[in-house]
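Chemist: Quick one, structure18.txt (compact mmCIF, C-alpha atoms):
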```txt
# COMPACT_ATOMS: atom_id res chain seq x y z
CA MET J 1 -43.55 8.06 -35.26
CA ALA J 2 -43.59 4.61 -33.72
CA SER J 3 -42.10 6.21 -30.59
CA VAL J 4 -45.14 8.53 -30.41
CA CYS J 5 -47.51 5.55 -30.45
CA GLY J 6 -45.40 3.44 -28.09
CA GLY J 7 -44.82 6.35 -25.71
CA CYS J 8 -48.54 7.05 -25.51
CA LEU J 9 -49.29 3.39 -24.72
CA ALA J 10 -46.55 3.34 -22.09
CA LEU J 11 -48.04 6.37 -20.32
CA MET J 12 -51.50 4.83 -20.35
CA ASP J 13 -50.16 1.47 -19.14
CA SER J 14 -48.44 3.17 -16.18
CA GLY J 15 -51.67 4.94 -15.20
CA VAL J 16 -50.84 8.49 -16.33
CA PRO J 17 -54.19 10.27 -16.91
CA ILE J 18 -53.89 11.64 -20.46
CA LYS J 19 -56.84 13.33 -22.21
CA ASN J 20 -56.79 11.33 -25.45
CA PRO J 21 -54.54 8.70 -27.04
CA VAL J 22 -52.14 10.10 -29.64
CA ALA J 23 -50.65 8.37 -32.69
CA GLY J 24 -48.19 9.46 -35.34
CA ILE J 25 -47.48 8.58 -38.98
CA ALA J 26 -44.75 9.65 -41.43
CA MET J 27 -45.76 10.59 -45.01
CA GLY J 28 -43.49 10.64 -48.07
CA MET J 29 -43.69 11.65 -51.70
CA LEU J 30 -42.16 10.52 -55.01
CA LEU J 31 -42.01 12.77 -58.07
CA ASN J 32 -41.50 11.81 -61.70
CA ASP J 33 -39.82 15.17 -62.18
CA LYS J 34 -38.28 17.04 -59.25
CA GLU J 35 -38.61 20.28 -61.15
CA GLY J 36 -42.38 19.91 -61.35
CA VAL J 37 -44.72 20.76 -58.48
CA SER J 38 -48.04 19.70 -59.99
CA ASP J 39 -50.32 17.36 -58.04
CA GLU J 40 -50.53 14.94 -60.98
CA ASN J 41 -46.77 14.47 -60.81
CA ALA J 42 -46.78 13.41 -57.10
CA LEU J 43 -47.20 9.99 -55.49
CA ILE J 44 -48.01 10.17 -51.76
CA LEU J 45 -46.65 7.36 -49.54
CA SER J 46 -47.82 6.42 -46.04
CA ASP J 47 -45.60 5.20 -43.18
CA ILE J 48 -42.33 5.61 -45.05
CA LEU J 49 -39.12 3.75 -44.24
CA GLY J 50 -35.58 5.06 -44.24
CA THR J 51 -34.97 4.09 -47.84
CA GLU J 52 -38.14 5.85 -49.02
CA ASP J 53 -37.14 8.91 -47.02
CA ALA J 54 -33.71 9.00 -48.66
CA LEU J 55 -34.95 8.43 -52.21
CA GLY J 56 -38.14 10.48 -51.89
CA THR J 57 -38.69 14.23 -52.03
CA MET J 58 -40.76 14.79 -48.86
CA ASP J 59 -40.68 13.79 -45.19
CA PHE J 60 -43.93 14.82 -43.51
CA LYS J 61 -44.50 13.64 -39.92
CA VAL J 62 -48.01 14.12 -38.49
CA ALA J 63 -49.15 13.25 -34.93
CA GLY J 64 -52.47 13.81 -33.21
CA ASP J 65 -55.61 12.30 -31.71
CA ARG J 66 -59.02 11.61 -33.26
CA THR J 67 -60.06 15.26 -33.20
CA GLY J 68 -57.04 16.85 -34.85
CA ILE J 69 -53.31 17.33 -35.26
CA THR J 70 -51.16 18.06 -32.22
CA THR J 71 -47.81 18.44 -34.00
CA PHE J 72 -46.18 17.98 -37.40
CA GLN J 73 -42.83 18.37 -39.12
CA LEU J 74 -42.07 18.81 -42.84
CA ASP J 75 -38.95 18.90 -45.00
CA ILE J 76 -38.78 18.60 -48.79
CA LYS J 77 -36.15 18.13 -51.48
CA CYS J 78 -38.18 19.52 -54.37
CA GLU J 79 -38.85 23.10 -55.50
CA GLY J 80 -42.12 23.33 -53.61
CA LEU J 81 -45.53 21.77 -52.88
CA SER J 82 -48.91 22.68 -54.27
CA LEU J 83 -51.93 23.16 -52.04
CA GLN J 84 -53.60 20.17 -53.69
CA THR J 85 -50.60 17.95 -52.82
CA MET J 86 -50.60 19.11 -49.19
CA GLU J 87 -54.34 18.50 -48.95
CA ARG J 88 -53.90 14.96 -50.23
CA ALA J 89 -51.00 14.30 -47.83
CA LEU J 90 -52.95 15.59 -44.82
CA GLU J 91 -56.03 13.54 -45.66
CA GLN J 92 -53.95 10.42 -46.20
CA ALA J 93 -52.19 11.05 -42.87
CA ARG J 94 -55.55 11.50 -41.12
CA VAL J 95 -56.85 8.16 -42.39
CA GLY J 96 -53.63 6.42 -41.42
CA ARG J 97 -53.57 8.03 -37.96
CA LEU J 98 -57.15 6.94 -37.23
CA HIS J 99 -56.31 3.40 -38.34
CA ILE J 100 -53.36 3.29 -35.92
CA LEU J 101 -55.53 4.68 -33.09
CA ASP J 102 -58.06 1.90 -33.73
CA LYS J 103 -55.30 -0.68 -33.30
CA MET J 104 -54.09 1.02 -30.12
CA ASP J 105 -57.63 1.02 -28.71
CA GLU J 106 -57.80 -2.74 -29.19
CA VAL J 107 -54.82 -3.11 -26.84
CA LEU J 108 -55.49 -0.33 -24.30
CA PRO J 109 -58.47 2.00 -24.78
CA LYS J 110 -57.72 4.28 -21.76
CA SER J 111 -55.26 4.83 -18.94
CA ARG J 112 -55.22 2.07 -16.35
CA GLU J 113 -57.05 2.92 -13.15
CA ILE J 114 -55.25 0.14 -11.25
CA LEU J 115 -51.54 -0.20 -11.91
CA PRO J 116 -49.97 -3.62 -12.60
CA ASP J 117 -47.97 -5.36 -9.90
CA THR J 118 -44.72 -4.40 -11.63
CA VAL J 119 -45.28 -0.74 -10.70
CA PRO J 120 -44.66 0.43 -7.09
CA LYS J 121 -47.63 2.12 -5.42
CA LEU J 122 -48.02 4.54 -2.51
CA ALA J 123 -50.77 5.08 0.02
CA ARG J 124 -50.98 7.88 2.61
CA PHE J 125 -53.25 8.18 5.64
CA THR J 126 -53.12 9.65 9.13
CA ILE J 127 -53.45 8.28 12.65
CA GLU J 128 -53.54 9.95 16.04
CA PRO J 129 -50.01 10.92 17.17
CA SER J 130 -50.74 9.19 20.49
CA SER J 131 -51.09 5.88 18.59
CA ILE J 132 -47.67 6.02 16.93
CA GLY J 133 -46.09 3.81 19.59
CA LYS J 134 -48.76 1.17 19.03
CA VAL J 135 -48.02 1.07 15.28
CA ILE J 136 -44.24 0.91 15.76
CA GLY J 137 -44.18 -1.43 18.74
CA PRO J 138 -41.31 -2.15 21.14
CA GLY J 139 -38.02 -2.12 19.29
CA GLY J 140 -39.92 -1.69 16.00
CA LYS J 141 -41.40 -5.20 16.13
CA GLN J 142 -44.94 -4.13 15.23
CA ILE J 143 -43.93 -2.11 12.17
CA ARG J 144 -41.66 -4.96 11.07
CA ALA J 145 -44.55 -7.41 11.35
CA VAL J 146 -46.78 -5.17 9.21
CA ILE J 147 -44.08 -4.81 6.55
CA GLU J 148 -43.41 -8.53 6.39
CA ASP J 149 -47.03 -9.74 6.59
CA PHE J 150 -48.32 -7.41 3.89
CA GLU J 151 -45.18 -7.55 1.71
CA LEU J 152 -44.64 -3.80 1.88
CA SER J 153 -41.58 -2.15 0.36
CA ASN J 154 -41.50 0.52 3.06
CA MET J 155 -43.55 2.04 5.86
CA ASN J 156 -42.85 5.48 7.27
CA VAL J 157 -44.59 7.00 10.31
CA GLN J 158 -44.10 10.74 10.97
CA ASP J 159 -44.34 12.55 14.30
CA ASP J 160 -47.61 14.23 13.27
CA GLY J 161 -49.28 10.84 12.69
CA SER J 162 -49.01 10.77 8.89
CA VAL J 163 -48.28 7.30 7.55
CA GLN J 164 -46.90 6.43 4.12
CA ILE J 165 -46.75 2.84 2.89
CA SER J 166 -45.51 1.48 -0.44
CA ALA J 167 -45.91 -1.90 -2.13
CA PHE J 168 -46.18 -3.47 -5.57
CA SER J 169 -49.52 -5.12 -4.86
CA GLN J 170 -52.52 -2.78 -4.68
CA GLU J 171 -54.47 -5.41 -2.76
CA LYS J 172 -51.75 -5.72 -0.09
CA LEU J 173 -51.59 -1.94 0.15
CA VAL J 174 -55.32 -1.67 0.91
CA GLU J 175 -55.14 -4.53 3.42
CA ALA J 176 -52.18 -2.96 5.24
CA GLU J 177 -53.94 0.40 5.55
CA ALA J 178 -57.11 -1.26 6.88
CA PHE J 179 -55.10 -3.28 9.40
CA VAL J 180 -53.21 -0.26 10.76
CA LYS J 181 -56.43 1.74 11.15
CA LYS J 182 -58.04 -1.19 12.96
CA LEU J 183 -54.97 -1.58 15.15
CA VAL J 184 -54.99 2.03 16.38
CA ALA J 185 -58.78 2.00 16.82
CA SER J 186 -58.68 -1.00 19.18
CA SER J 187 -57.15 -1.16 22.63
CA GLY J 188 -55.12 -4.23 21.74
CA GLY J 189 -55.06 -6.36 18.63
CA PRO J 190 -52.78 -8.80 16.89
CA SER J 191 -49.20 -7.85 16.10
CA GLY J 192 -49.38 -8.68 12.41
CA GLY J 193 -51.73 -9.21 9.50
CA ARG J 194 -52.24 -12.97 9.47
CA GLY J 195 -54.74 -13.44 12.26
CA GLU J 196 -54.32 -13.67 15.99
CA ARG J 197 -50.84 -14.12 17.40
CA LYS J 198 -49.53 -14.84 20.84
CA GLU J 199 -48.40 -11.71 22.60
CA ARG J 200 -44.67 -11.38 22.24
CA PRO J 201 -42.65 -11.15 25.45
CA GLN J 202 -41.14 -7.75 26.15
CA TYR J 203 -37.50 -7.01 26.86
CA THR J 204 -37.09 -6.33 30.60
CA GLY J 205 -33.30 -6.48 30.90
CA PRO J 206 -30.85 -3.66 31.62
CA GLU J 207 -31.29 -0.53 29.53
CA PRO J 208 -28.61 0.24 26.94
CA VAL J 209 -26.40 3.29 27.42
CA GLU J 210 -26.53 6.08 24.82
CA GLY J 211 -23.23 6.57 23.07
CA GLN J 212 -22.09 3.04 23.97
CA VAL J 213 -20.78 0.63 21.31
CA TYR J 214 -22.55 -2.73 21.08
CA ARG J 215 -22.22 -5.79 18.88
CA GLY J 216 -25.41 -6.17 16.85
CA LYS J 217 -26.71 -9.31 15.14
CA ILE J 218 -28.75 -8.79 11.96
CA THR J 219 -32.36 -9.92 12.28
CA GLY J 220 -33.98 -8.13 9.33
CA ILE J 221 -32.99 -6.10 6.26
CA HIS J 222 -35.33 -3.56 4.66
CA ALA J 223 -35.06 -0.67 2.21
CA PHE J 224 -35.08 1.84 5.08
CA GLY J 225 -32.51 0.12 7.32
CA VAL J 226 -31.36 -2.94 9.25
CA PHE J 227 -32.81 -4.40 12.47
CA LEU J 228 -30.28 -5.84 14.91
CA GLU J 229 -30.28 -7.58 18.29
CA PHE J 230 -27.74 -5.66 20.36
CA MET J 231 -28.63 -6.58 23.97
CA PRO J 232 -28.79 -10.26 25.03
CA GLY J 233 -31.97 -11.86 26.31
CA ALA J 234 -32.36 -13.70 29.56
CA GLU J 235 -30.57 -17.04 29.87
CA ASP J 236 -33.78 -18.65 31.12
CA GLY J 237 -35.75 -17.21 28.21
CA SER J 238 -37.94 -14.99 30.38
CA TYR J 239 -37.37 -12.06 28.02
CA PRO J 240 -36.03 -11.82 24.46
CA PRO J 241 -32.98 -9.91 23.19
CA LEU J 242 -33.39 -6.16 22.63
CA GLU J 243 -33.67 -5.06 19.01
CA GLY J 244 -32.91 -1.73 17.42
CA LEU J 245 -32.97 -0.12 13.97
CA CYS J 246 -29.88 1.09 12.14
CA HIS J 247 -31.33 3.47 9.54
CA VAL J 248 -29.88 3.29 6.04
CA SER J 249 -28.41 6.78 6.54
CA GLU J 250 -26.45 5.47 9.56
CA LEU J 251 -24.88 2.45 7.84
CA ALA J 252 -21.82 4.13 6.36
CA GLN J 253 -20.04 7.45 5.96
CA ASP J 254 -21.04 7.61 2.28
CA ARG J 255 -24.60 7.45 1.02
CA VAL J 256 -26.03 3.91 0.75
CA ARG J 257 -28.44 3.66 -2.20
CA ASN J 258 -29.29 -0.05 -1.86
CA CYS J 259 -29.53 -1.16 1.76
CA GLU J 260 -29.98 -4.87 1.05
CA GLY J 261 -27.15 -4.95 -1.49
CA PHE J 262 -24.83 -3.06 0.86
CA VAL J 263 -25.43 -5.42 3.78
CA LYS J 264 -25.03 -8.51 1.58
CA ALA J 265 -21.75 -7.11 0.24
CA MET J 266 -20.49 -6.77 3.84
CA ASP J 267 -20.91 -10.56 4.16
CA LYS J 268 -21.33 -10.26 7.94
CA GLU J 269 -24.06 -11.33 10.32
CA GLU J 270 -22.83 -9.01 13.07
CA PHE J 271 -21.24 -5.57 13.26
CA ASN J 272 -20.58 -2.85 15.83
CA VAL J 273 -23.18 -0.11 16.37
CA VAL J 274 -23.62 2.84 18.71
CA TYR J 275 -26.87 3.14 20.64
CA THR J 276 -28.25 6.64 19.99
CA GLY J 277 -31.49 6.49 21.99
CA VAL J 278 -35.19 6.14 21.18
CA ASN J 279 -36.57 7.79 18.01
CA LYS J 280 -40.29 7.55 17.14
CA GLY J 281 -40.66 4.60 19.48
CA LYS J 282 -37.73 2.68 17.96
CA ARG J 283 -34.32 1.99 19.48
CA SER J 284 -31.94 3.77 17.12
CA LEU J 285 -28.49 2.44 16.25
CA SER J 286 -25.64 3.84 14.17
CA ARG J 287 -22.89 1.86 12.46
CA LYS J 288 -21.44 5.09 11.08
CA ALA J 289 -20.83 6.43 14.60
CA ALA J 290 -19.25 3.12 15.68
CA MET J 291 -16.55 3.19 13.02
CA GLY J 292 -13.17 3.55 14.69
CA MET J 293 -14.58 3.11 18.23
CA LYS J 294 -13.90 0.22 20.61
CA ARG J 295 -16.65 -1.98 21.95
CA SER J 296 -16.91 -2.43 25.70
CA PRO J 297 -16.54 -5.98 27.03
CA ASN J 298 -19.79 -7.60 28.19
CA GLY J 299 -21.78 -4.50 27.23
CA LYS J 300 -20.30 -2.46 30.11
CA LYS J 301 -19.43 1.16 29.68
CA PHE J 302 -15.91 1.58 28.37
CA ASN J 303 -13.68 3.39 30.88
CA LYS J 304 -11.09 5.39 29.07
CA GLU J 305 -9.03 5.72 32.25
CA LYS J 306 -8.41 1.98 32.24
CA GLN J 307 -7.00 1.96 28.73
CA PRO J 308 -3.30 1.05 28.64
CA GLU J 309 -1.23 4.18 28.15
CA PRO J 310 0.80 4.19 24.93
CA VAL J 311 4.44 3.50 25.62
CA SER J 312 6.78 6.20 24.32
CA VAL J 313 10.31 5.56 23.14
CA THR J 314 11.67 7.35 26.19
CA SER J 315 9.58 5.59 28.84
CA GLU J 316 11.27 3.73 31.65
CA PRO J 317 10.31 0.18 30.59
CA GLU J 318 11.79 0.85 27.17
CA VAL J 319 15.01 2.14 28.66
CA GLU J 320 15.25 -0.90 30.93
CA VAL J 321 14.89 -3.26 28.00
CA ILE J 322 17.54 -1.44 26.03
CA ALA J 323 19.88 -1.25 29.04
CA LYS J 324 19.87 -5.02 29.37
CA GLU J 325 21.27 -5.42 25.88
CA PRO J 326 25.09 -5.37 25.59
CA LEU J 327 26.39 -1.97 24.49
CA SER J 328 29.33 -1.76 22.04
CA VAL J 329 32.09 0.78 22.92
CA MET J 330 34.62 2.03 20.30
CA SER J 331 38.27 1.85 21.12
CA GLU J 332 40.58 4.90 21.11
CA GLN J 333 42.17 3.72 17.84
CA GLU J 334 38.73 3.60 16.09
CA VAL J 335 37.95 7.09 17.36
CA ASP J 336 41.31 8.38 16.03
CA VAL J 337 40.71 6.85 12.58
CA ILE J 338 37.24 8.44 12.31
CA THR J 339 38.60 11.83 13.49
CA LYS J 340 41.46 11.71 10.93
CA ALA J 341 39.00 10.87 8.12
CA MET J 342 36.75 13.82 9.01
CA GLU J 343 39.77 16.21 9.02
CA ASP J 344 40.82 15.00 5.56
CA LEU J 345 37.32 15.71 4.22
CA GLN J 346 37.42 19.28 5.53
CA GLU J 347 40.81 20.11 3.83
CA PRO J 348 40.45 21.84 0.41
```
Starting from the file, give its structure as structure tokens.
Modeler:
Amino acid sequence: MASVCGGCLALMDSGVPIKNPVAGIAMGMLLNDKEGVSDENALILSDILGTEDALGTMDFKVAGDRTGITTFQLDIKCEGLSLQTMERALEQARVGRLHILDKMDEVLPKSREILPDTVPKLARFTIEPSSIGKVIGPGGKQIRAVIEDFELSNMNVQDDGSVQISAFSQEKLVEAEAFVKKLVASSGGPSGGRGERKERPQYTGPEPVEGQVYRGKITGIHAFGVFLEFMPGAEDGSYPPLEGLCHVSELAQDRVRNCEGFVKAMDKEEFNVVYTGVNKGKRSLSRKAAMGMKRSPNGKKFNKEKQPEPVSVTSEPEVEVIAKEPLSVMSEQEVDVITKAMEDLQEP
């Protein structure tokens, strides 16, 4: 019955809206004579332990709220129970249940309206689909800034403009939603949540080629994927490197359940990725597609025609190498000996 009380408190602590708190208590009974069923012969016990259950003649579990019983269970080891004994047991269980509910109310009288910071929280809102690019930013820099500045666990923007954000802090969740709505309502705005920032320079170098393999350097790890720099910036610093997102579903052939743990287990700061184009305003990358593929030198498109042809065992260079080695020739006597041995083997 302690699990009934503890389970109810756990639901209320996690914000589950239950109608009324519920408590449970286990009742027992001792008899001077197991053959007798009279009420005078019975001693009712409250909140029995295992020993009292084993030595007693009744196990009567009762659970409910302040208005009545929600469930009960009864088993006995005697010949039967009188109505007077049951009435006494139920009344004693009611008093005990109300006492436990009073103690529970002192700790948590109702379900929490605001969840503690140990519980993840979600918020959903919508923006105009035309403002999606402003929220995501070039190469996903804007959405990364929002996630980092407001300590979000994740942020997902759909094509129809629906936005879902998650965080442990309710305060950060509210601030992030207010910032995004302010961002899309204004023509410009800062690129994060900690006040005004200098406008970040945009990448103006050569465009990456879809289907091409690039070497990406990790710049950020999140639950939804990994950000990487895969195109170099200008040597004079006039524009930064180009960043892209390798979604968690594109990290490996098998399903990756923990993105951060997977990347840390790789113990690499760089890995090969395939550029797959622009998706929802972000440059999309795939490590899964790059597995087993060669990376082009200097980011140029790999020309399969220039690959060295595999040398077969019958190719001319191979024959030339073998021809230069001294060849051993058997004498006529050695041939005769081998021929004679083969004839002897064939005779019955």
Chemist: Please report the interatomic distance between atom CA of J:Pro21 and atom CA of J:Leu173 in Å with one decimal.
Modeler: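 Rounded to one decimal, the two atoms are 29.3 Å apart.
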Chemist: How far is it from atom CA of J:Gly7 to atom CA of J:Leu108, in Å with one decimal?
Modeler: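 Distance reported for this atom pair: 12.7 Å.
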Chemist: Rank nothing, just name the residue among J:Cys78, J:Ala54, J:Ile25, J:Ile165 nearest to J:Asn41, using only C-alpha atoms.
Modeler: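 For J:Asn41, the nearest of the candidates is J:Cys78.
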Chemist: Nearest residue to J:Lys110 out of J:Lys77, J:Arg215, J:Lys19, J:Arg88, using all atoms listed in the file?
Modeler: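 Using all atoms listed in the file, J:Lys110 sits closest to J:Lys19.
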Chemist: Would you mind reading off the distance between atom CA of J:Lys134 and atom CA of J:Val163, one decimal, in Å?
Modeler: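 Taking atom CA of J:Lys134 as the start and atom CA of J:Val163 as the end point, the length is 13.0 Å.
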Chemist: Identify which of the residues J:Asn272, J:Glu87, J:Leu183, J:Tyr203 lies closest to J:Gly216, counting only C-alpha atoms when measuring atom-to-atom distances.
Modeler: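 Residue with the minimum atom-to-atom distance to J:Gly216: J:Asn272.
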Chemist: In terms of the shortest atom-to-atom distance over all atoms listed in the file, which of J:Gln73, J:Val174, J:His222, J:Arg124 is closest to J:Ser153?
Modeler: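 Checking each candidate against J:Ser153, we get J:His222 as the closest.
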Chemist: For J:Leu43, which of J:Ile114, J:Gly56, J:Ser238, J:Ala290 is the closest residue, counting only C-alpha atoms?
Modeler: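 Using only C-alpha atoms, J:Leu43 sits closest to J:Gly56.
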Chemist: Name the closest residue to J:Ala234 among the candidates J:Pro116, J:Pro17, J:Gly205, J:Pro138; distances are taken between atoms, counting all atoms listed in the file.
Modeler: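 Looking at the shortest contact to J:Ala234, the residue is J:Gly205.
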Chemist: Neighbours of J:Lys282 within 8 Å (all atoms listed in the file; same-chain residues fewer than 4 positions away dropped), as a VMD selection string?
Modeler: chain J and resid 136 to 140 244 to 245 278
Chemist: Using only C-alpha atoms, determine which residues lie at most 8 Å from J:Gly96, disregarding the query and same-chain residues fewer than 4 positions distant; provide the list as a list in words.
Modeler: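 Returned residues: Ile25, Ser46, Gln92 and Ile100 of chain J.
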Chemist: Tell me which protein, DNA and RNA residues are within 10 Å of J:Ile69, counting all atoms listed in the file, leaving out same-chain ones fewer than 5 positions away, and put them as a PyMOL selection string.
Modeler: chain J and resi 22-24+62-64+90+93-94+97
Chemist: Could you list as a PyMOL selection string every residue that has an atom within 12 Å of (-53.4, -7.1, 0.5), using the file's coordinates and counting all atoms listed in the file?
Modeler: chain J and resi 117+146-152+166-179+193-194
Chemist: Go ahead and save the residues from that selection, with C-alpha atoms, as a PDB file, keeping the file's coordinate frame.
Modeler:
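Wrote it out as part_4.pdb, contents follow:
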```
ATOM      1  CA  ASP J 117     -47.970  -5.360  -9.900  1.00  0.00           C
ATOM      2  CA  VAL J 146     -46.780  -5.170   9.210  1.00  0.00           C
ATOM      3  CA  ILE J 147     -44.080  -4.810   6.550  1.00  0.00           C
ATOM      4  CA  GLU J 148     -43.410  -8.530   6.390  1.00  0.00           C
ATOM      5  CA  ASP J 149     -47.030  -9.740   6.590  1.00  0.00           C
ATOM      6  CA  PHE J 150     -48.320  -7.410   3.890  1.00  0.00           C
ATOM      7  CA  GLU J 151     -45.180  -7.550   1.710  1.00  0.00           C
ATOM      8  CA  LEU J 152     -44.640  -3.800   1.880  1.00  0.00           C
ATOM      9  CA  SER J 166     -45.510   1.480  -0.440  1.00  0.00           C
ATOM     10  CA  ALA J 167     -45.910  -1.900  -2.130  1.00  0.00           C
ATOM     11  CA  PHE J 168     -46.180  -3.470  -5.570  1.00  0.00           C
ATOM     12  CA  SER J 169     -49.520  -5.120  -4.860  1.00  0.00           C
ATOM     13  CA  GLN J 170     -52.520  -2.780  -4.680  1.00  0.00           C
ATOM     14  CA  GLU J 171     -54.470  -5.410  -2.760  1.00  0.00           C
ATOM     15  CA  LYS J 172     -51.750  -5.720  -0.090  1.00  0.00           C
ATOM     16  CA  LEU J 173     -51.590  -1.940   0.150  1.00  0.00           C
ATOM     17  CA  VAL J 174     -55.320  -1.670   0.910  1.00  0.00           C
ATOM     18  CA  GLU J 175     -55.140  -4.530   3.420  1.00  0.00           C
ATOM     19  CA  ALA J 176     -52.180  -2.960   5.240  1.00  0.00           C
ATOM     20  CA  GLU J 177     -53.940   0.400   5.550  1.00  0.00           C
ATOM     21  CA  ALA J 178     -57.110  -1.260   6.880  1.00  0.00           C
ATOM     22  CA  PHE J 179     -55.100  -3.280   9.400  1.00  0.00           C
ATOM     23  CA  GLY J 193     -51.730  -9.210   9.500  1.00  0.00           C
ATOM     24  CA  ARG J 194     -52.240 -12.970   9.470  1.00  0.00           C
TER      25      ARG J 194
END
```
Chemist: Would you mind putting back all heavy atoms on stretch 43-49 of chain J, then writing it out as a compact mmCIF listing (two decimals), in the coordinates of the input?
Modeler:
```
# COMPACT_ATOMS: atom_id res chain seq x y z
N LEU J 43 -46.68 11.24 -56.05
CA LEU J 43 -47.20 9.99 -55.49
C LEU J 43 -46.98 10.04 -53.98
O LEU J 43 -45.84 10.09 -53.50
CB LEU J 43 -46.46 8.79 -56.10
CG LEU J 43 -46.82 7.42 -55.52
CD1 LEU J 43 -48.29 7.10 -55.78
CD2 LEU J 43 -45.91 6.34 -56.08
N ILE J 44 -48.09 10.05 -53.22
CA ILE J 44 -48.01 10.17 -51.76
C ILE J 44 -47.86 8.77 -51.15
O ILE J 44 -48.61 7.85 -51.48
CB ILE J 44 -49.26 10.86 -51.18
CG1 ILE J 44 -49.49 12.21 -51.87
CG2 ILE J 44 -49.12 11.05 -49.68
CD1 ILE J 44 -48.38 13.21 -51.65
N LEU J 45 -46.90 8.62 -50.22
CA LEU J 45 -46.65 7.36 -49.54
C LEU J 45 -46.98 7.50 -48.04
O LEU J 45 -46.75 8.56 -47.45
CB LEU J 45 -45.18 6.94 -49.68
CG LEU J 45 -44.62 6.82 -51.10
CD1 LEU J 45 -43.14 6.50 -51.05
CD2 LEU J 45 -45.38 5.76 -51.88
N SER J 46 -47.51 6.43 -47.48
CA SER J 46 -47.82 6.42 -46.04
C SER J 46 -46.84 5.54 -45.29
O SER J 46 -46.43 4.48 -45.79
CB SER J 46 -49.25 5.89 -45.80
OG SER J 46 -50.21 6.76 -46.37
N ASP J 47 -46.46 5.99 -44.07
CA ASP J 47 -45.60 5.20 -43.18
C ASP J 47 -44.30 4.82 -43.87
O ASP J 47 -43.97 3.64 -44.03
CB ASP J 47 -46.34 3.94 -42.71
CG ASP J 47 -45.66 3.28 -41.51
OD1 ASP J 47 -44.89 3.99 -40.82
OD2 ASP J 47 -45.88 2.09 -41.28
N ILE J 48 -43.54 5.84 -44.26
CA ILE J 48 -42.33 5.61 -45.05
C ILE J 48 -41.22 5.03 -44.19
O ILE J 48 -41.14 5.22 -42.98
CB ILE J 48 -41.85 6.91 -45.72
CG1 ILE J 48 -41.53 7.98 -44.67
CG2 ILE J 48 -42.87 7.43 -46.71
CD1 ILE J 48 -40.89 9.23 -45.24
N LEU J 49 -40.32 4.31 -44.86
CA LEU J 49 -39.12 3.75 -44.24
C LEU J 49 -37.93 4.66 -44.55
O LEU J 49 -38.04 5.66 -45.25
CB LEU J 49 -38.87 2.34 -44.77
CG LEU J 49 -40.01 1.33 -44.59
CD1 LEU J 49 -39.66 0.01 -45.26
CD2 LEU J 49 -40.30 1.12 -43.11
```
